[in-house]
Amino acid sequence: MKIKETLINLRKFWIENDVPNITDENAKFLQSLISQNNFSNVLEIGTANGYSTICLASELQKNSGRITSIEFSILSHNQAIANIKEAWLEEICTLIHGQALDIIPTLPDNSFDFVFIDGMKRRSKDFLELSRPKIKKNWIIIIDDVIKFKHKMLSLYEYVEENKINHEIIQIDSDDGVMKIIKV
Ligand SMILES: C[S@@+](CC[C@H](N)C(=O)[O-])C[C@H]1O[C@@H](n2cnc3c(N)ncnc32)[C@H](O)[C@@H]1O
């Protein structure tokens with residue numbers, strides 16, 4: 001099965017099983033960031049069943065890019081492997097099973113140009129802090145669900161203020177928005 005069919009099937013599964021995959025608006029937003037900036041090496045924290053990974057990989061394919069995605073639930077990780085295989089994207093997706101807080105420090109420094117943080121909301125600040133040495137010169141970091149779950153992400157808001165990290169909050173759809181951190 002190819003990308004479009006896989007995403008349609010996963011969307012149906014999402015609606016029936018309440019899987020917290022990104023919305024269509026969010027997928028388009030992330031894809032446009034990749035295409036506008038010609039990003040080619042993406043790190044994702046929180047694969048779930050691979051829906052967002054497939055959305056990002058489908059855009060990265062056009063730039064000969066690739067994505068590394070981390071997930072600590074073995075069930076979700078295995079579902080993502082199967083779904084990415086169905087979408088014929090396994091060659092450009094590296095799926096890592098494990099605790100992102102342990103895995104991120106083992107990834108090479110200065111290697112990613114785009115980081116999408118969509119793991120446990122309370123650990124968003126830790127994911128950001130650990131990801132910062134891993135990004136290249138021109139980069140963007142996106143943190144998902146920062147409006148609806150702001151109460152779980154107070155340490156993130158404090159961290160960006162205290163460290164004077166240039167950021168903006170963007171409402172993506174009626175559901176929620178993202179924090180965009182960009183190098184100036
Ligand atoms: C909101 S879901 C991700 C949805 C996915 N990005 C999508 O849109 O299709 C969050 C996922 O992050 C995983 N997760 C949360 N904290 C994590 C951690 N510390 N390390 C690895 N995975 C984590 C959860 O198991 C869950 O599957």
# chains A, B, ... in the order shown; residues from 1 in each chain; ligands from 1

call {"tool": "residues_near_ligand", "arguments": {"ligand": "ligand 1", "cutoff": "9 Å", "atoms": "only C-alpha atoms and all ligand atoms", "output": "PDB file with N, CA and C atoms, in the first residue's frame"}}
result
ATOM      1  N   VAL A  19      -6.638   7.627  18.738  1.00  0.00           N
ATOM      2  CA  VAL A  19      -5.171   7.750  18.743  1.00  0.00           C
ATOM      3  C   VAL A  19      -4.826   9.234  18.549  1.00  0.00           C
ATOM      4  N   PRO A  20      -3.905   9.783  19.360  1.00  0.00           N
ATOM      5  CA  PRO A  20      -3.652  11.232  19.286  1.00  0.00           C
ATOM      6  C   PRO A  20      -2.714  11.635  18.154  1.00  0.00           C
ATOM      7  N   ASN A  21      -3.083  11.289  16.914  1.00  0.00           N
ATOM      8  CA  ASN A  21      -2.241  11.674  15.758  1.00  0.00           C
ATOM      9  C   ASN A  21      -2.439  13.149  15.442  1.00  0.00           C
ATOM     10  N   ILE A  22      -1.469  13.728  14.748  1.00  0.00           N
ATOM     11  CA  ILE A  22      -1.585  15.134  14.343  1.00  0.00           C
ATOM     12  C   ILE A  22      -2.768  15.308  13.386  1.00  0.00           C
ATOM     13  N   THR A  23      -3.322  16.520  13.399  1.00  0.00           N
ATOM     14  CA  THR A  23      -4.455  16.822  12.516  1.00  0.00           C
ATOM     15  C   THR A  23      -3.937  17.088  11.096  1.00  0.00           C
ATOM     16  N   ASN A  26      -2.170  20.404  10.950  1.00  0.00           N
ATOM     17  CA  ASN A  26      -0.827  20.330  11.521  1.00  0.00           C
ATOM     18  C   ASN A  26       0.133  19.622  10.554  1.00  0.00           C
ATOM     19  N   ALA A  27      -0.349  18.557   9.926  1.00  0.00           N
ATOM     20  CA  ALA A  27       0.498  17.837   8.959  1.00  0.00           C
ATOM     21  C   ALA A  27       0.913  18.783   7.832  1.00  0.00           C
ATOM     22  N   GLU A  44      12.050  13.080  15.268  1.00  0.00           N
ATOM     23  CA  GLU A  44      10.707  13.149  15.855  1.00  0.00           C
ATOM     24  C   GLU A  44      10.726  12.427  17.194  1.00  0.00           C
ATOM     25  N   ILE A  45      10.108  13.055  18.189  1.00  0.00           N
ATOM     26  CA  ILE A  45      10.000  12.412  19.503  1.00  0.00           C
ATOM     27  C   ILE A  45       8.516  12.104  19.730  1.00  0.00           C
ATOM     28  N   GLY A  46       8.178  10.817  19.766  1.00  0.00           N
ATOM     29  CA  GLY A  46       6.776  10.397  19.878  1.00  0.00           C
ATOM     30  C   GLY A  46       6.229   9.921  18.538  1.00  0.00           C
ATOM     31  N   THR A  47       6.561   8.690  18.172  1.00  0.00           N
ATOM     32  CA  THR A  47       6.133   8.137  16.873  1.00  0.00           C
ATOM     33  C   THR A  47       4.668   7.738  16.892  1.00  0.00           C
ATOM     34  N   ALA A  48       4.189   7.232  18.015  1.00  0.00           N
ATOM     35  CA  ALA A  48       2.881   6.553  18.123  1.00  0.00           C
ATOM     36  C   ALA A  48       2.794   5.491  17.019  1.00  0.00           C
ATOM     37  N   ASN A  49       1.716   5.489  16.226  1.00  0.00           N
ATOM     38  CA  ASN A  49       1.580   4.450  15.191  1.00  0.00           C
ATOM     39  C   ASN A  49       2.216   4.851  13.862  1.00  0.00           C
ATOM     40  N   GLY A  50       2.960   5.968  13.862  1.00  0.00           N
ATOM     41  CA  GLY A  50       3.706   6.352  12.660  1.00  0.00           C
ATOM     42  C   GLY A  50       2.974   7.318  11.753  1.00  0.00           C
ATOM     43  N   TYR A  51       1.792   7.777  12.167  1.00  0.00           N
ATOM     44  CA  TYR A  51       1.022   8.666  11.275  1.00  0.00           C
ATOM     45  C   TYR A  51       1.826   9.923  10.923  1.00  0.00           C
ATOM     46  N   SER A  52       2.292  10.647  11.947  1.00  0.00           N
ATOM     47  CA  SER A  52       3.031  11.892  11.666  1.00  0.00           C
ATOM     48  C   SER A  52       4.358  11.580  10.969  1.00  0.00           C
ATOM     49  N   THR A  53       4.970  10.451  11.316  1.00  0.00           N
ATOM     50  CA  THR A  53       6.237  10.065  10.674  1.00  0.00           C
ATOM     51  C   THR A  53       6.019   9.917   9.167  1.00  0.00           C
ATOM     52  N   ILE A  54       4.902   9.293   8.795  1.00  0.00           N
ATOM     53  CA  ILE A  54       4.603   9.107   7.364  1.00  0.00           C
ATOM     54  C   ILE A  54       4.352  10.461   6.697  1.00  0.00           C
ATOM     55  N   CYS A  55       3.622  11.332   7.390  1.00  0.00           N
ATOM     56  CA  CYS A  55       3.355  12.676   6.821  1.00  0.00           C
ATOM     57  C   CYS A  55       4.674  13.408   6.575  1.00  0.00           C
ATOM     58  N   SER A  69      12.711   8.560  14.335  1.00  0.00           N
ATOM     59  CA  SER A  69      11.592   8.781  15.252  1.00  0.00           C
ATOM     60  C   SER A  69      11.690   7.821  16.438  1.00  0.00           C
ATOM     61  N   ILE A  70      11.414   8.361  17.623  1.00  0.00           N
ATOM     62  CA  ILE A  70      11.607   7.582  18.866  1.00  0.00           C
ATOM     63  C   ILE A  70      10.251   7.333  19.539  1.00  0.00           C
ATOM     64  N   GLU A  71      10.053   6.100  20.004  1.00  0.00           N
ATOM     65  CA  GLU A  71       8.790   5.744  20.674  1.00  0.00           C
ATOM     66  C   GLU A  71       9.085   4.732  21.779  1.00  0.00           C
ATOM     67  N   PHE A  72       8.512   4.948  22.979  1.00  0.00           N
ATOM     68  CA  PHE A  72       8.815   3.980  24.048  1.00  0.00           C
ATOM     69  C   PHE A  72       7.778   2.883  24.245  1.00  0.00           C
ATOM     70  N   SER A  73       6.624   3.003  23.602  1.00  0.00           N
ATOM     71  CA  SER A  73       5.642   1.912  23.696  1.00  0.00           C
ATOM     72  C   SER A  73       5.978   0.886  22.619  1.00  0.00           C
ATOM     73  N   ILE A  74       6.215  -0.353  23.021  1.00  0.00           N
ATOM     74  CA  ILE A  74       6.604  -1.378  22.032  1.00  0.00           C
ATOM     75  C   ILE A  74       5.434  -1.662  21.087  1.00  0.00           C
ATOM     76  N   LEU A  75       4.221  -1.586  21.619  1.00  0.00           N
ATOM     77  CA  LEU A  75       3.037  -1.826  20.774  1.00  0.00           C
ATOM     78  C   LEU A  75       2.972  -0.774  19.662  1.00  0.00           C
ATOM     79  N   SER A  76       3.089   0.503  20.050  1.00  0.00           N
ATOM     80  CA  SER A  76       3.031   1.585  19.057  1.00  0.00           C
ATOM     81  C   SER A  76       4.216   1.493  18.096  1.00  0.00           C
ATOM     82  N   HIS A  77       5.396   1.219  18.626  1.00  0.00           N
ATOM     83  CA  HIS A  77       6.598   1.110  17.791  1.00  0.00           C
ATOM     84  C   HIS A  77       6.399   0.033  16.720  1.00  0.00           C
ATOM     85  N   ILE A  96      13.196   4.115  16.306  1.00  0.00           N
ATOM     86  CA  ILE A  96      13.949   3.653  17.478  1.00  0.00           C
ATOM     87  C   ILE A  96      12.966   3.393  18.608  1.00  0.00           C
ATOM     88  N   HIS A  97      13.071   2.189  19.180  1.00  0.00           N
ATOM     89  CA  HIS A  97      12.234   1.884  20.341  1.00  0.00           C
ATOM     90  C   HIS A  97      13.010   2.212  21.613  1.00  0.00           C
ATOM     91  N   GLY A  98      12.437   3.059  22.456  1.00  0.00           N
ATOM     92  CA  GLY A  98      13.102   3.347  23.721  1.00  0.00           C
ATOM     93  C   GLY A  98      12.643   4.667  24.304  1.00  0.00           C
ATOM     94  N   GLN A  99      13.196   4.928  25.481  1.00  0.00           N
ATOM     95  CA  GLN A  99      12.907   6.157  26.220  1.00  0.00           C
ATOM     96  C   GLN A  99      13.689   7.299  25.548  1.00  0.00           C
ATOM     97  N   ALA A 100      12.961   8.280  25.016  1.00  0.00           N
ATOM     98  CA  ALA A 100      13.622   9.366  24.290  1.00  0.00           C
ATOM     99  C   ALA A 100      14.645  10.101  25.165  1.00  0.00           C
ATOM    100  N   LEU A 101      14.377  10.186  26.461  1.00  0.00           N
ATOM    101  CA  LEU A 101      15.304  10.903  27.354  1.00  0.00           C
ATOM    102  C   LEU A 101      16.679  10.208  27.389  1.00  0.00           C
ATOM    103  N   ASP A 102      16.685   8.894  27.160  1.00  0.00           N
ATOM    104  CA  ASP A 102      17.954   8.151  27.119  1.00  0.00           C
ATOM    105  C   ASP A 102      18.537   8.118  25.704  1.00  0.00           C
ATOM    106  N   ILE A 103      17.647   8.062  24.712  1.00  0.00           N
ATOM    107  CA  ILE A 103      18.111   7.894  23.317  1.00  0.00           C
ATOM    108  C   ILE A 103      18.682   9.193  22.743  1.00  0.00           C
ATOM    109  N   PHE A 116      10.736  17.591  15.704  1.00  0.00           N
ATOM    110  CA  PHE A 116       9.311  17.655  16.033  1.00  0.00           C
ATOM    111  C   PHE A 116       9.111  16.935  17.361  1.00  0.00           C
ATOM    112  N   ILE A 117       8.731  17.701  18.376  1.00  0.00           N
ATOM    113  CA  ILE A 117       8.576  17.143  19.732  1.00  0.00           C
ATOM    114  C   ILE A 117       7.093  16.900  20.007  1.00  0.00           C
ATOM    115  N   ASP A 118       6.733  15.616  20.143  1.00  0.00           N
ATOM    116  CA  ASP A 118       5.325  15.247  20.353  1.00  0.00           C
ATOM    117  C   ASP A 118       5.247  14.034  21.281  1.00  0.00           C
ATOM    118  N   GLY A 119       6.049  14.081  22.347  1.00  0.00           N
ATOM    119  CA  GLY A 119       6.054  12.978  23.319  1.00  0.00           C
ATOM    120  C   GLY A 119       5.231  13.371  24.543  1.00  0.00           C
ATOM    121  N   MET A 120       5.621  12.845  25.682  1.00  0.00           N
ATOM    122  CA  MET A 120       4.905  13.150  26.923  1.00  0.00           C
ATOM    123  C   MET A 120       5.007  14.651  27.209  1.00  0.00           C
ATOM    124  N   LYS A 121       3.850  15.278  27.371  1.00  0.00           N
ATOM    125  CA  LYS A 121       3.819  16.747  27.434  1.00  0.00           C
ATOM    126  C   LYS A 121       4.656  17.297  28.592  1.00  0.00           C
ATOM    127  N   ARG A 122       4.604  16.609  29.732  1.00  0.00           N
ATOM    128  CA  ARG A 122       5.338  17.107  30.909  1.00  0.00           C
ATOM    129  C   ARG A 122       6.854  17.077  30.704  1.00  0.00           C
ATOM    130  N   ARG A 123       7.334  16.293  29.722  1.00  0.00           N
ATOM    131  CA  ARG A 123       8.774  16.200  29.486  1.00  0.00           C
ATOM    132  C   ARG A 123       9.222  17.044  28.282  1.00  0.00           C
ATOM    133  N   SER A 124       8.339  17.888  27.766  1.00  0.00           N
ATOM    134  CA  SER A 124       8.680  18.666  26.558  1.00  0.00           C
ATOM    135  C   SER A 124       9.919  19.525  26.760  1.00  0.00           C
ATOM    136  N   PHE A 127      12.915  17.272  26.492  1.00  0.00           N
ATOM    137  CA  PHE A 127      13.172  16.900  25.094  1.00  0.00           C
ATOM    138  C   PHE A 127      13.839  18.065  24.363  1.00  0.00           C
ATOM    139  N   ASP A 144       4.614  20.298  19.931  1.00  0.00           N
ATOM    140  CA  ASP A 144       3.176  20.205  19.661  1.00  0.00           C
ATOM    141  C   ASP A 144       2.341  20.397  20.940  1.00  0.00           C
ATOM    142  N   ASP A 145       1.098  20.799  20.726  1.00  0.00           N
ATOM    143  CA  ASP A 145       0.063  20.841  21.781  1.00  0.00           C
ATOM    144  C   ASP A 145       0.373  21.810  22.919  1.00  0.00           C
TER     145      ASP A 145
END

call {"tool": "select_by_dssp", "arguments": {"residues": "range 10-182 of chain A", "states": "helix (DSSP H, G or I)", "output": "PyMOL selection string"}}
result
chain A and resi 10-17+24-37+51-63+74-86+90-92+100-106+121-134+150-152+154-162

call {"tool": "closest_residue", "arguments": {"among": "A:Ala57, A:Ile140, A:Ile67, A:Ile147", "to": "Gln36 in chain A", "atoms": "only C-alpha atoms"}}
result
A:Ile140

call {"tool": "atom_distance", "arguments": {"atom1": "CA of Lys4 in chain A", "atom2": "CA of Ile172 in chain A"}}
result
22.0 Å

call {"tool": "decode", "arguments": {"residues": "range 36-71 of chain A", "atoms": "C-alpha atoms", "output": "short mmCIF file (atom, residue, chain, number, x, y, z; two decimals), in the first residue's frame"}}
result
data_model
loop_
_atom_site.label_atom_id
_atom_site.label_comp_id
_atom_site.auth_asym_id
_atom_site.auth_seq_id
_atom_site.Cartn_x
_atom_site.Cartn_y
_atom_site.Cartn_z
CA GLN A 36 10.17 25.81 2.38
CA ASN A 37 13.43 25.21 4.25
CA ASN A 38 14.54 22.22 2.25
CA PHE A 39 15.10 20.25 5.45
CA SER A 40 16.56 16.80 5.01
CA ASN A 41 17.25 15.29 8.43
CA VAL A 42 14.39 15.23 10.89
CA LEU A 43 14.15 13.98 14.47
CA GLU A 44 10.71 13.15 15.86
CA ILE A 45 10.00 12.41 19.50
CA GLY A 46 6.78 10.40 19.88
CA THR A 47 6.13 8.14 16.87
CA ALA A 48 2.88 6.55 18.12
CA ASN A 49 1.58 4.45 15.19
CA GLY A 50 3.71 6.35 12.66
CA TYR A 51 1.02 8.67 11.27
CA SER A 52 3.03 11.89 11.67
CA THR A 53 6.24 10.07 10.67
CA ILE A 54 4.60 9.11 7.36
CA CYS A 55 3.35 12.68 6.82
CA LEU A 56 6.85 14.09 7.40
CA ALA A 57 8.60 11.33 5.44
CA SER A 58 6.34 11.86 2.42
CA GLU A 59 7.63 15.43 2.20
CA LEU A 60 11.23 14.51 3.03
CA GLN A 61 11.23 11.97 0.21
CA LYS A 62 11.13 14.92 -2.24
CA ASN A 63 14.38 16.33 -0.72
CA SER A 64 16.12 12.95 -0.48
CA GLY A 65 15.74 13.44 3.26
CA ARG A 66 15.20 11.09 6.15
CA ILE A 67 13.58 10.92 9.58
CA THR A 68 14.52 9.30 12.89
CA SER A 69 11.59 8.78 15.25
CA ILE A 70 11.61 7.58 18.87
CA GLU A 71 8.79 5.74 20.67
#
